[in-house]
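File shown: start-v6.tsv. Contents: TSV, C-alpha atoms.
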```
chain	number	residue	atom	x	y	z
A	9	MET	CA	0.00	0.00	0.00
A	10	ARG	CA	1.45	3.35	-1.12
A	11	VAL	CA	1.19	6.04	1.58
A	12	VAL	CA	1.64	9.82	1.48
A	13	LEU	CA	2.29	11.98	4.56
A	14	LEU	CA	1.10	15.60	4.75
A	15	ASP	CA	1.99	17.55	7.89
A	16	ASP	CA	3.67	20.92	8.36
A	17	GLU	CA	5.73	19.47	11.25
A	18	LYS	CA	8.70	17.50	9.90
A	19	ALA	CA	9.08	15.75	13.23
A	20	MET	CA	5.69	14.16	12.61
A	21	HIS	CA	6.99	12.77	9.31
A	22	LEU	CA	9.75	10.97	11.19
A	23	ILE	CA	7.36	9.59	13.81
A	24	MET	CA	4.90	8.34	11.20
A	25	LYS	CA	7.62	6.76	9.07
A	26	ARG	CA	8.96	4.85	12.07
A	27	MET	CA	5.50	3.57	12.95
A	28	LEU	CA	4.60	2.65	9.38
A	29	ALA	CA	7.94	0.89	8.78
A	30	LYS	CA	6.83	-1.77	11.26
A	31	ILE	CA	3.78	-2.69	9.16
A	32	GLU	CA	4.43	-5.13	6.34
A	33	GLY	CA	3.06	-4.10	2.94
A	34	VAL	CA	3.29	-0.32	3.51
A	35	GLU	CA	5.54	2.03	1.54
A	36	VAL	CA	5.79	5.77	2.23
A	37	VAL	CA	6.12	7.23	-1.27
A	38	GLY	CA	6.09	10.92	-0.34
A	39	SER	CA	6.07	13.31	2.62
A	40	PHE	CA	5.10	16.97	2.32
A	41	THR	CA	4.67	20.02	4.54
A	42	ASN	CA	1.99	21.75	2.48
A	43	ALA	CA	-1.01	20.80	0.37
A	44	ALA	CA	0.32	22.33	-2.86
A	45	SER	CA	3.37	20.06	-2.87
A	46	ALA	CA	1.28	17.00	-2.08
A	47	GLU	CA	-1.17	17.86	-4.85
A	48	ALA	CA	1.66	18.29	-7.38
A	49	PHE	CA	3.02	14.86	-6.42
A	50	LEU	CA	-0.39	13.18	-6.64
A	51	SER	CA	-1.03	14.62	-10.09
A	52	GLY	CA	1.62	12.28	-11.47
A	53	ASN	CA	1.81	9.48	-8.94
A	54	GLU	CA	-0.53	6.92	-7.44
A	55	ALA	CA	-1.18	6.57	-3.72
A	56	ASP	CA	-3.60	4.46	-1.70
A	57	MET	CA	-3.75	6.45	1.53
A	58	ILE	CA	-2.90	9.93	2.81
A	59	PHE	CA	-2.22	10.74	6.45
A	60	MET	CA	-2.80	14.48	6.72
A	61	ASP	CA	-2.87	17.19	9.34
A	62	ILE	CA	-5.71	19.73	9.37
A	63	ASN	CA	-4.11	22.96	10.59
A	64	MET	CA	-1.46	23.82	8.00
A	65	PRO	CA	-0.21	27.04	6.39
A	66	ARG	CA	-2.12	28.47	3.41
A	67	GLU	CA	-4.65	25.62	3.09
A	68	ASN	CA	-6.03	23.30	5.74
A	69	GLY	CA	-6.36	19.57	5.29
A	70	VAL	CA	-10.15	19.53	5.02
A	71	ALA	CA	-10.13	22.00	2.11
A	72	PHE	CA	-7.44	19.96	0.36
A	73	ALA	CA	-9.44	16.76	0.93
A	74	GLN	CA	-12.52	18.41	-0.53
A	75	ARG	CA	-10.60	19.22	-3.70
A	76	LEU	CA	-9.37	15.65	-3.95
A	77	ARG	CA	-12.91	14.34	-3.68
A	78	GLU	CA	-14.21	16.81	-6.27
A	79	SER	CA	-11.56	15.58	-8.69
A	80	GLY	CA	-12.86	12.02	-8.29
A	81	ARG	CA	-9.87	10.63	-6.35
A	82	GLU	CA	-10.95	7.73	-4.15
A	83	ILE	CA	-7.75	7.64	-2.11
A	84	LYS	CA	-8.25	6.83	1.57
A	85	LEU	CA	-7.93	9.95	3.72
A	86	VAL	CA	-6.82	9.68	7.36
A	87	PHE	CA	-6.74	12.91	9.36
A	88	VAL	CA	-4.05	13.13	12.04
A	89	THR	CA	-4.56	16.19	14.22
A	90	SER	CA	-4.35	17.57	17.73
A	91	HIS	CA	-7.90	18.91	17.46
A	92	THR	CA	-11.17	17.03	17.93
A	93	GLU	CA	-13.51	19.76	16.69
A	94	TYR	CA	-12.91	19.02	13.00
A	95	ALA	CA	-14.20	15.44	13.12
A	96	LEU	CA	-17.55	16.20	11.50
A	97	SER	CA	-15.93	18.22	8.69
A	98	ALA	CA	-13.51	15.35	8.12
A	99	PHE	CA	-16.27	12.81	7.66
A	100	ASP	CA	-18.06	15.19	5.29
A	101	VAL	CA	-15.22	14.47	2.85
A	102	TYR	CA	-15.53	10.71	3.49
A	103	ALA	CA	-12.53	10.39	5.77
A	104	TYR	CA	-11.37	6.81	6.28
A	105	ASP	CA	-10.33	7.60	9.85
A	106	TYR	CA	-9.67	10.48	12.26
A	107	MET	CA	-6.77	10.11	14.67
A	108	VAL	CA	-6.11	12.56	17.51
A	109	LYS	CA	-2.48	13.26	18.49
A	110	PRO	CA	-0.83	11.82	20.44
A	111	PHE	CA	-1.87	8.26	19.58
A	112	GLU	CA	-0.42	4.85	20.26
A	113	PRO	CA	1.25	2.78	17.49
A	114	GLU	CA	-1.51	0.21	17.92
A	115	ARG	CA	-4.08	2.81	16.88
A	116	LEU	CA	-2.22	3.47	13.64
A	117	GLN	CA	-1.66	-0.23	13.00
A	118	HIS	CA	-5.37	-0.94	13.39
A	119	THR	CA	-6.28	1.61	10.70
A	120	VAL	CA	-3.58	0.52	8.24
A	121	ARG	CA	-4.21	-3.19	8.64
A	122	ARG	CA	-7.92	-2.66	8.11
A	123	ALA	CA	-7.14	-0.87	4.83
A	124	LEU	CA	-4.71	-3.61	3.79
A	125	ALA	CA	-7.31	-6.29	4.49
A	126	GLU	CA	-9.88	-4.44	2.41
A	127	ALA	CA	-7.40	-4.09	-0.45
A	128	ARG	CA	-6.55	-7.80	-0.38
A	129	GLY	CA	-10.22	-8.70	-0.34
A	130	GLY	CA	-10.87	-6.40	-3.27
A	131	ARG	CA	-8.12	-7.96	-5.39
A	132	GLU	CA	-9.33	-11.47	-4.67
A	133	GLU	CA	-12.86	-10.59	-5.71
A	134	ALA	CA	-11.94	-8.42	-8.70
A	135	ALA	CA	-11.58	-11.15	-11.28
A	136	GLY	CA	-14.93	-12.74	-10.52
A	137	ALA	CA	-16.72	-9.46	-10.02
A	138	ALA	CA	-15.55	-7.71	-13.20
A	139	ALA	CA	-18.15	-9.33	-15.42
A	140	SER	CA	-21.04	-8.50	-13.10
A	141	GLU	CA	-19.86	-5.04	-11.96
A	142	PRO	CA	-22.59	-2.49	-12.72
A	143	ARG	CA	-21.47	-0.04	-15.38
A	144	VAL	CA	-23.73	2.69	-14.00
A	145	HIS	CA	-23.91	3.89	-10.41
A	146	ILE	CA	-26.74	6.13	-9.22
A	147	ASN	CA	-26.05	7.96	-5.97
A	148	CYS	CA	-28.98	9.43	-4.05
A	149	LEU	CA	-27.54	9.72	-0.54
A	150	GLY	CA	-26.08	13.14	0.11
A	151	ARG	CA	-26.44	14.13	-3.56
A	152	LEU	CA	-28.13	13.13	-6.81
A	153	GLU	CA	-25.70	11.94	-9.44
A	154	ILE	CA	-25.16	9.30	-12.08
A	155	ARG	CA	-21.69	7.89	-12.68
A	156	SER	CA	-20.81	5.76	-15.67
A	157	VAL	CA	-17.77	3.49	-15.70
A	158	ARG	CA	-16.95	4.83	-19.16
A	159	GLN	CA	-17.89	8.51	-18.82
A	160	GLY	CA	-17.44	9.24	-15.12
A	161	LEU	CA	-19.80	11.81	-13.61
A	162	VAL	CA	-22.70	12.39	-16.03
A	163	LYS	CA	-23.97	15.93	-16.51
A	164	TRP	CA	-27.72	16.41	-16.20
A	165	LYS	CA	-29.47	17.86	-19.25
A	166	SER	CA	-31.56	20.10	-16.98
A	167	SER	CA	-32.58	20.42	-13.33
A	168	LYS	CA	-36.03	19.05	-14.17
A	169	SER	CA	-34.58	15.95	-15.86
A	170	ALA	CA	-32.67	15.30	-12.62
A	171	GLU	CA	-35.86	15.78	-10.62
A	172	LEU	CA	-37.82	13.43	-12.88
A	173	CYS	CA	-35.11	10.81	-12.47
A	174	ALA	CA	-35.17	11.21	-8.67
A	175	TYR	CA	-38.95	10.92	-8.60
A	176	LEU	CA	-38.95	7.73	-10.65
A	177	ILE	CA	-36.11	6.22	-8.61
A	178	LEU	CA	-38.35	6.31	-5.55
A	179	GLN	CA	-41.07	4.43	-7.44
A	180	ARG	CA	-38.73	1.42	-7.87
A	181	GLY	CA	-39.92	0.56	-11.37
A	182	SER	CA	-43.63	1.10	-10.77
A	183	LEU	CA	-45.72	2.96	-13.32
A	184	VAL	CA	-46.48	6.60	-12.47
A	185	SER	CA	-49.26	8.48	-14.17
A	186	ARG	CA	-48.52	11.58	-16.22
A	187	ALA	CA	-51.13	13.45	-14.19
A	188	ARG	CA	-49.32	12.68	-10.94
A	189	LEU	CA	-45.96	13.73	-12.37
A	190	ILE	CA	-47.40	17.00	-13.63
A	191	GLU	CA	-49.00	17.74	-10.27
A	192	ASP	CA	-45.91	16.91	-8.19
A	193	ILE	CA	-43.11	18.20	-10.41
A	194	PHE	CA	-44.73	20.86	-12.57
A	195	GLY	CA	-47.44	22.08	-10.21
A	196	GLY	CA	-48.51	25.67	-10.63
A	197	MET	CA	-47.83	25.64	-14.35
A	198	PRO	CA	-50.70	25.81	-16.88
A	199	ARG	CA	-51.74	22.27	-17.80
A	200	LYS	CA	-50.85	22.55	-21.48
A	201	ASN	CA	-47.44	24.03	-20.72
A	202	ALA	CA	-46.81	21.40	-18.07
A	203	GLU	CA	-47.51	18.56	-20.49
A	204	VAL	CA	-45.08	20.00	-23.02
A	205	TYR	CA	-42.48	20.51	-20.31
A	206	LEU	CA	-42.91	16.91	-19.10
A	207	ASN	CA	-42.44	15.57	-22.63
A	208	THR	CA	-39.27	17.64	-23.05
A	209	THR	CA	-37.91	16.60	-19.67
A	210	ALA	CA	-38.60	12.91	-20.33
A	211	TYR	CA	-36.84	13.22	-23.69
A	212	GLN	CA	-33.79	14.75	-22.01
A	213	LEU	CA	-33.67	11.98	-19.42
A	214	ARG	CA	-34.06	9.29	-22.08
A	215	LYS	CA	-31.17	10.72	-24.12
A	216	LEU	CA	-28.94	10.82	-21.03
A	217	LEU	CA	-29.74	7.20	-20.16
A	218	ASP	CA	-29.23	6.04	-23.74
A	219	ALA	CA	-25.78	7.66	-23.78
A	220	ILE	CA	-24.60	5.64	-20.74
A	221	GLY	CA	-25.86	2.27	-21.94
A	222	MET	CA	-29.29	2.27	-20.29
A	223	LYS	CA	-31.23	2.36	-23.54
A	224	GLU	CA	-34.98	1.86	-23.11
A	225	SER	CA	-34.68	2.06	-19.32
A	226	LEU	CA	-37.23	4.88	-19.29
A	227	HIS	CA	-40.59	3.36	-20.19
A	228	SER	CA	-43.46	5.56	-21.31
A	229	ASP	CA	-46.88	5.18	-22.84
A	230	ALA	CA	-49.76	7.56	-23.39
A	231	ASN	CA	-50.47	7.91	-19.66
A	232	HIS	CA	-47.53	6.55	-17.64
A	233	TYR	CA	-43.78	6.59	-17.02
A	234	ALA	CA	-41.52	4.09	-15.25
A	235	LEU	CA	-37.77	3.72	-14.79
A	236	ASN	CA	-36.09	0.31	-15.00
A	237	LEU	CA	-32.98	0.47	-12.80
A	238	SER	CA	-31.86	-3.15	-13.13
A	239	PRO	CA	-28.77	-2.23	-15.22
A	240	ALA	CA	-27.57	0.20	-12.52
A	241	GLN	CA	-26.45	0.08	-8.91
A	242	VAL	CA	-28.39	2.48	-6.68
A	243	ASP	CA	-26.81	3.38	-3.35
A	244	LEU	CA	-30.20	4.08	-1.77
A	245	HIS	CA	-31.47	0.59	-2.55
A	246	LEU	CA	-28.24	-1.03	-1.32
A	247	PHE	CA	-28.42	0.96	1.92
A	248	GLU	CA	-32.03	0.00	2.60
A	249	ALA	CA	-31.35	-3.67	1.89
A	250	GLY	CA	-28.27	-3.60	4.14
A	251	CYS	CA	-30.18	-2.05	7.03
A	252	ARG	CA	-32.82	-4.77	6.76
A	253	GLU	CA	-30.21	-7.55	6.63
A	254	LEU	CA	-28.26	-6.08	9.57
A	255	ALA	CA	-31.20	-5.79	11.93
A	256	VAL	CA	-28.80	-7.05	14.61
A	257	VAL	CA	-25.23	-5.74	14.64
A	258	ASP	CA	-22.60	-7.62	16.63
A	259	GLN	CA	-18.98	-8.73	16.34
A	260	THR	CA	-19.82	-11.22	13.57
A	261	ASN	CA	-20.87	-8.48	11.14
A	262	LEU	CA	-19.19	-5.39	12.57
A	263	ASP	CA	-16.94	-4.74	9.55
A	264	ARG	CA	-19.79	-5.14	7.11
A	265	ALA	CA	-21.96	-2.79	9.16
A	266	THR	CA	-19.16	-0.22	9.28
A	267	GLU	CA	-18.83	-0.27	5.50
A	268	LEU	CA	-22.59	0.09	5.09
A	269	GLU	CA	-22.65	3.10	7.41
A	270	ARG	CA	-20.08	4.85	5.22
A	271	THR	CA	-22.45	4.73	2.25
A	272	TYR	CA	-24.76	7.18	4.02
A	273	VAL	CA	-23.00	10.45	3.22
A	274	GLY	CA	-26.03	12.68	3.75
A	275	ASN	CA	-29.79	12.97	3.48
A	276	LEU	CA	-31.66	11.65	0.48
A	277	PHE	CA	-30.89	13.86	-2.56
A	278	GLY	CA	-28.64	16.11	-0.46
A	279	ASP	CA	-29.47	19.81	-0.77
A	280	LEU	CA	-32.13	19.27	-3.44
A	281	ASP	CA	-35.31	20.29	-1.68
A	282	TYR	CA	-38.06	18.33	-3.44
A	283	PRO	CA	-41.39	18.72	-1.53
A	284	TRP	CA	-42.70	15.44	-2.93
A	285	ALA	CA	-39.70	13.65	-1.36
A	286	TRP	CA	-40.00	15.02	2.18
A	287	SER	CA	-41.61	11.91	3.67
A	288	GLU	CA	-38.99	9.63	2.06
A	289	ILE	CA	-36.17	11.89	3.20
A	290	GLU	CA	-37.43	11.61	6.78
A	291	ARG	CA	-37.96	7.84	6.52
A	292	ILE	CA	-34.43	7.17	5.25
A	293	SER	CA	-33.00	9.59	7.82
A	294	GLN	CA	-34.70	7.69	10.64
A	295	MET	CA	-33.54	4.37	9.16
A	296	TYR	CA	-29.95	5.64	9.19
A	297	ALA	CA	-30.22	6.91	12.76
A	298	ALA	CA	-31.53	3.58	14.04
A	299	PHE	CA	-28.84	1.65	12.16
A	300	ALA	CA	-26.03	3.95	13.31
A	301	GLN	CA	-27.19	3.60	16.91
A	302	ARG	CA	-27.09	-0.21	16.59
A	303	LEU	CA	-23.60	0.00	15.15
A	304	SER	CA	-22.41	2.41	17.86
A	305	LEU	CA	-23.66	0.08	20.59
A	306	ALA	CA	-21.94	-2.89	18.93
A	307	LEU	CA	-18.67	-0.94	18.76
A	308	MET	CA	-18.94	-0.07	22.44
A	309	ASN	CA	-19.67	-3.71	23.31
A	310	ALA	CA	-16.54	-4.63	21.36
A	311	GLY	CA	-14.52	-2.14	23.42
A	312	ASP	CA	-13.94	0.24	20.52
A	313	SER	CA	-15.24	3.40	22.15
A	314	GLN	CA	-13.12	5.66	19.91
A	315	ARG	CA	-14.84	4.53	16.70
A	316	ALA	CA	-18.19	4.68	18.49
A	317	ILE	CA	-17.52	8.30	19.51
A	318	ARG	CA	-16.64	9.30	15.95
A	319	LEU	CA	-19.84	7.75	14.67
A	320	LEU	CA	-21.97	9.25	17.43
A	321	ALA	CA	-20.50	12.71	16.77
A	322	LYS	CA	-21.59	12.35	13.15
A	323	LEU	CA	-25.00	11.10	14.24
A	324	ALA	CA	-25.44	13.95	16.75
A	325	ALA	CA	-24.73	16.45	13.99
A	326	HIS	CA	-27.32	14.65	11.87
A	327	ASN	CA	-29.96	15.14	14.60
A	328	GLU	CA	-28.79	17.04	17.66
A	329	LEU	CA	-32.09	16.54	19.53
A	330	ASP	CA	-32.18	12.73	19.38
A	331	GLU	CA	-32.08	11.54	22.99
A	332	GLU	CA	-31.06	7.95	22.20
A	333	THR	CA	-27.98	9.21	20.39
A	334	VAL	CA	-27.05	11.44	23.31
A	335	LYS	CA	-27.40	8.52	25.74
A	336	LEU	CA	-25.03	6.37	23.70
A	337	TYR	CA	-22.64	9.27	23.20
A	338	MET	CA	-22.50	9.92	26.94
A	339	GLN	CA	-21.84	6.25	27.66
A	340	ALA	CA	-19.04	6.11	25.08
A	341	LEU	CA	-17.37	9.19	26.58
A	342	ALA	CA	-17.67	7.68	30.04
A	343	MET	CA	-15.93	4.53	28.74
A	344	GLN	CA	-12.97	6.76	27.93
A	345	HIS	CA	-13.18	8.48	31.35
A	346	ASN	CA	-13.62	11.78	29.54
A	347	ARG	CA	-15.51	13.71	32.19
A	348	GLU	CA	-14.96	17.09	30.51
A	349	ALA	CA	-16.44	15.99	27.17
A	350	LEU	CA	-19.31	14.19	28.91
A	351	THR	CA	-20.22	17.32	30.90
A	352	ARG	CA	-19.93	19.51	27.83
A	353	LEU	CA	-22.16	17.19	25.78
A	354	TYR	CA	-24.91	17.09	28.41
A	355	ALA	CA	-24.83	20.87	28.91
A	356	ARG	CA	-24.97	21.53	25.17
A	357	TYR	CA	-27.89	19.14	24.72
A	358	ALA	CA	-29.78	20.72	27.65
A	359	ASP	CA	-29.21	24.22	26.24
A	360	THR	CA	-30.36	23.17	22.77
A	361	LEU	CA	-33.52	21.54	24.15
A	362	GLN	CA	-34.33	24.68	26.10
A	363	GLU	CA	-33.73	26.99	23.13
A	364	GLU	CA	-35.53	24.89	20.53
A	365	MET	CA	-38.38	23.32	22.50
A	366	GLY	CA	-38.51	25.08	25.88
A	367	VAL	CA	-38.05	21.83	27.83
A	368	ARG	CA	-35.36	20.20	29.93
A	369	PRO	CA	-33.73	16.77	29.42
A	370	SER	CA	-35.86	13.80	30.40
A	371	VAL	CA	-35.62	12.29	33.86
A	372	GLU	CA	-34.14	9.13	32.34
A	373	LEU	CA	-31.34	11.04	30.61
A	374	SER	CA	-30.61	13.14	33.69
A	375	ARG	CA	-30.35	10.02	35.84
A	376	LEU	CA	-28.02	8.40	33.33
A	377	TYR	CA	-25.81	11.49	33.38
A	378	ALA	CA	-25.68	11.48	37.16
A	379	SER	CA	-24.88	7.76	37.33
A	380	LEU	CA	-22.07	8.08	34.77
A	381	LEU	CA	-20.52	10.92	36.75
A	382	ALA	CA	-20.81	8.84	39.94
A	383	GLU	CA	-19.06	5.91	38.23
A	384	LEU	CA	-16.25	8.18	37.09
A	385	ASP	CA	-15.91	9.56	40.64
A	386	ALA	CA	-15.70	6.04	42.04
A	387	ALA	CA	-13.03	5.06	39.50
A	388	GLU	CA	-10.76	7.99	40.41
```
Go ahead and render the structure in this file as structure tokens.
Amino acid sequence: MRVVLLDDEKAMHLIMKRMLAKIEGVEVVGSFTNAASAEAFLSGNEADMIFMDINMPRENGVAFAQRLRESGREIKLVFVTSHTEYALSAFDVYAYDYMVKPFEPERLQHTVRRALAEARGGREEAAGAAASEPRVHINCLGRLEIRSVRQGLVKWKSSKSAELCAYLILQRGSLVSRARLIEDIFGGMPRKNAEVYLNTTAYQLRKLLDAIGMKESLHSDANHYALNLSPAQVDLHLFEAGCRELAVVDQTNLDRATELERTYVGNLFGDLDYPWAWSEIERISQMYAAFAQRLSLALMNAGDSQRAIRLLAKLAAHNELDEETVKLYMQALAMQHNREALTRLYARYADTLQEEMGVRPSVELSRLYASLLAELDAAE
């Protein structure tokens, strides 16, 4: 595995190189003190993983990571920083891990060996999977995009063609009447104009699908439309199926559950505010929250409170008023004997409840907080 180091402190390069040298299969191919130098290197060289600091001169690590993601690079990004407050921003750019300085060599080894195991598994499966690998990927979580193996990110013909595609994706191949589409997508427009606009939008979507090898995927007749997604892989459908299959998360399926959680990079359709999708956005959001809570509890039961805390921080940002998340978060912080963070979390939650809803934390949550503090007192 080819590794790049990005940190403005050269002493950190030496420390990381010593730690990584003890892990078989790892080669440090470059070390840089600023993002511009790292980017220049990566433009002509391959790398599998970057260990990067966040606070650096001229450009911080999160901004650099965002640019890497926008360019389509799927390199694994591991943030190594002295600060905990950037964790949510890091996972917004699909960070592979977030390590807080100082950390033990075992912490680094765990992350690298997990990546090596995934890479080995991928190579073993590649030959058999190549023939059945979907040539089109449709991403609905956190954004709305179509990616073709041949063409990369596909550009929408118009915003309405994207909306029509999103609408039909949620129907899962079922027929939808023209009247319903006009009402939901083109509401407020004169009927005659709306029908013309629907025809034009459907034509644009059909041309886009034809160009990426999904010819005849958009079915239409005099009164209906339907979208056949069998040639494509849809992240939304994979996520829903995974949540159903992993109704119980434990040590036997912890890695699989962790990978599934990473596919949820944001709410359904991201920032696209489609009124007709509000109920589905809420349903998928609640499905993710329940799954992430199951995974967090499994991580805590496995003794991995650090990974549980990272996940719960992401989940708390997703819904800061969810009491079940706060309970788990408090318990995970107590596992690390982090009284300061525990107190800060409870106080912030209480303040938010008061500001947003005019109420105080429930008796159950308050008792849990008190008992965790008592346990920490007894352990000191």
Determine, counting all atoms listed in the file, which protein, DNA and RNA residues have an atom within 9 Å of an atom of range 164-180 of chain A; residues of the same chain fewer than 3 positions away are not included. Present the result as a compact mmCIF listing (two decimals) with C-alpha atoms, in the frame of the given file.
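Output contents, as saved in around.txt:
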```txt
# COMPACT_ATOMS: atom_id res chain seq x y z
CA CYS A 148 -28.98 9.43 -4.05
CA LEU A 152 -28.13 13.13 -6.81
CA GLU A 153 -25.70 11.94 -9.44
CA ILE A 154 -25.16 9.30 -12.08
CA LEU A 183 -45.72 2.96 -13.32
CA VAL A 184 -46.48 6.60 -12.47
CA LEU A 189 -45.96 13.73 -12.37
CA ILE A 193 -43.11 18.20 -10.41
CA LEU A 206 -42.91 16.91 -19.10
CA THR A 208 -39.27 17.64 -23.05
CA THR A 209 -37.91 16.60 -19.67
CA ALA A 210 -38.60 12.91 -20.33
CA TYR A 211 -36.84 13.22 -23.69
CA GLN A 212 -33.79 14.75 -22.01
CA LEU A 213 -33.67 11.98 -19.42
CA LYS A 215 -31.17 10.72 -24.12
CA LEU A 216 -28.94 10.82 -21.03
CA TYR A 233 -43.78 6.59 -17.02
CA ALA A 234 -41.52 4.09 -15.25
CA LEU A 235 -37.77 3.72 -14.79
CA ASN A 236 -36.09 0.31 -15.00
CA LEU A 237 -32.98 0.47 -12.80
CA VAL A 242 -28.39 2.48 -6.68
CA PHE A 277 -30.89 13.86 -2.56
CA LEU A 280 -32.13 19.27 -3.44
CA TYR A 282 -38.06 18.33 -3.44
CA TRP A 284 -42.70 15.44 -2.93
CA ALA A 285 -39.70 13.65 -1.36
CA GLU A 288 -38.99 9.63 2.06
```
Given 6 Å on each side, where is the centre and what are the edge lengths in Å to one decimal of the axis-aligned box enclosing the listed atoms of range 333-340 of chain A, as AutoDock Vina command-line options?
```
--center_x -23.5 --center_y 8.8 --center_z 24.0 --size_x 20.9 --size_y 17.3 --size_z 19.3
```
Point (-15.7, -0.7, 26.5), cut-off 12 Å, counting only C-alpha atoms, residues as a list of chain:residue names: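 It turns out the residues near that spot are A:Ser304, A:Leu305, A:Ala306, A:Leu307, A:Met308, A:Asn309, A:Ala310, A:Gly311, A:Asp312, A:Ser313, A:Gln314, A:Arg315, A:Ala316, A:Ile317, A:Gln339, A:Ala340, A:Leu341, A:Ala342, A:Met343, A:Gln344, A:His345.
For the residues A:Lys223, A:Lys84, A:Arg77, A:Lys109, ranking by smallest atom-to-atom distance to Ala127 in chain A using all atoms listed in the file places A:Lys84 first.
Of note, CA of Leu329 in chain A and CA of Ser287 in chain A are spaced 19.1 Å apart.
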Could N, CA and C atoms be built for range 342-359 of chain A and written out as a short mmCIF file (atom, residue, chain, number, x, y, z; two decimals), in the coordinates of the input?
```
data_model
loop_
_atom_site.label_atom_id
_atom_site.label_comp_id
_atom_site.auth_asym_id
_atom_site.auth_seq_id
_atom_site.Cartn_x
_atom_site.Cartn_y
_atom_site.Cartn_z
N ALA A 342 -17.95 8.19 28.70
CA ALA A 342 -17.67 7.68 30.04
C ALA A 342 -16.71 6.49 29.97
N MET A 343 -16.85 5.66 28.91
CA MET A 343 -15.93 4.53 28.74
C MET A 343 -14.49 5.01 28.62
N GLN A 344 -14.32 6.21 28.08
CA GLN A 344 -12.97 6.76 27.93
C GLN A 344 -12.57 7.64 29.12
N HIS A 345 -13.43 7.67 30.14
CA HIS A 345 -13.18 8.48 31.35
C HIS A 345 -13.00 9.95 30.99
N ASN A 346 -13.73 10.40 30.00
CA ASN A 346 -13.62 11.78 29.54
C ASN A 346 -14.73 12.61 30.18
N ARG A 347 -14.50 12.97 31.44
CA ARG A 347 -15.51 13.71 32.19
C ARG A 347 -15.82 15.06 31.53
N GLU A 348 -14.78 15.75 31.08
CA GLU A 348 -14.96 17.09 30.51
C GLU A 348 -15.88 17.04 29.28
N ALA A 349 -15.62 16.10 28.37
CA ALA A 349 -16.44 15.99 27.17
C ALA A 349 -17.86 15.55 27.51
N LEU A 350 -17.99 14.65 28.48
CA LEU A 350 -19.31 14.19 28.91
C LEU A 350 -20.13 15.36 29.46
N THR A 351 -19.52 16.17 30.32
CA THR A 351 -20.22 17.32 30.90
C THR A 351 -20.60 18.33 29.83
N ARG A 352 -19.68 18.55 28.90
CA ARG A 352 -19.93 19.51 27.83
C ARG A 352 -21.07 19.04 26.92
N LEU A 353 -21.10 17.75 26.62
CA LEU A 353 -22.16 17.19 25.78
C LEU A 353 -23.52 17.36 26.44
N TYR A 354 -23.62 17.00 27.71
CA TYR A 354 -24.91 17.09 28.41
C TYR A 354 -25.38 18.55 28.48
N ALA A 355 -24.46 19.46 28.79
CA ALA A 355 -24.83 20.87 28.91
C ALA A 355 -25.29 21.42 27.55
N ARG A 356 -24.58 21.04 26.49
CA ARG A 356 -24.97 21.53 25.17
C ARG A 356 -26.34 21.00 24.76
N TYR A 357 -26.59 19.73 25.05
CA TYR A 357 -27.89 19.14 24.72
C TYR A 357 -29.01 19.82 25.52
N ALA A 358 -28.77 20.06 26.81
CA ALA A 358 -29.78 20.72 27.65
C ALA A 358 -30.07 22.13 27.14
N ASP A 359 -29.02 22.85 26.76
CA ASP A 359 -29.21 24.22 26.24
C ASP A 359 -30.00 24.21 24.94
#
```
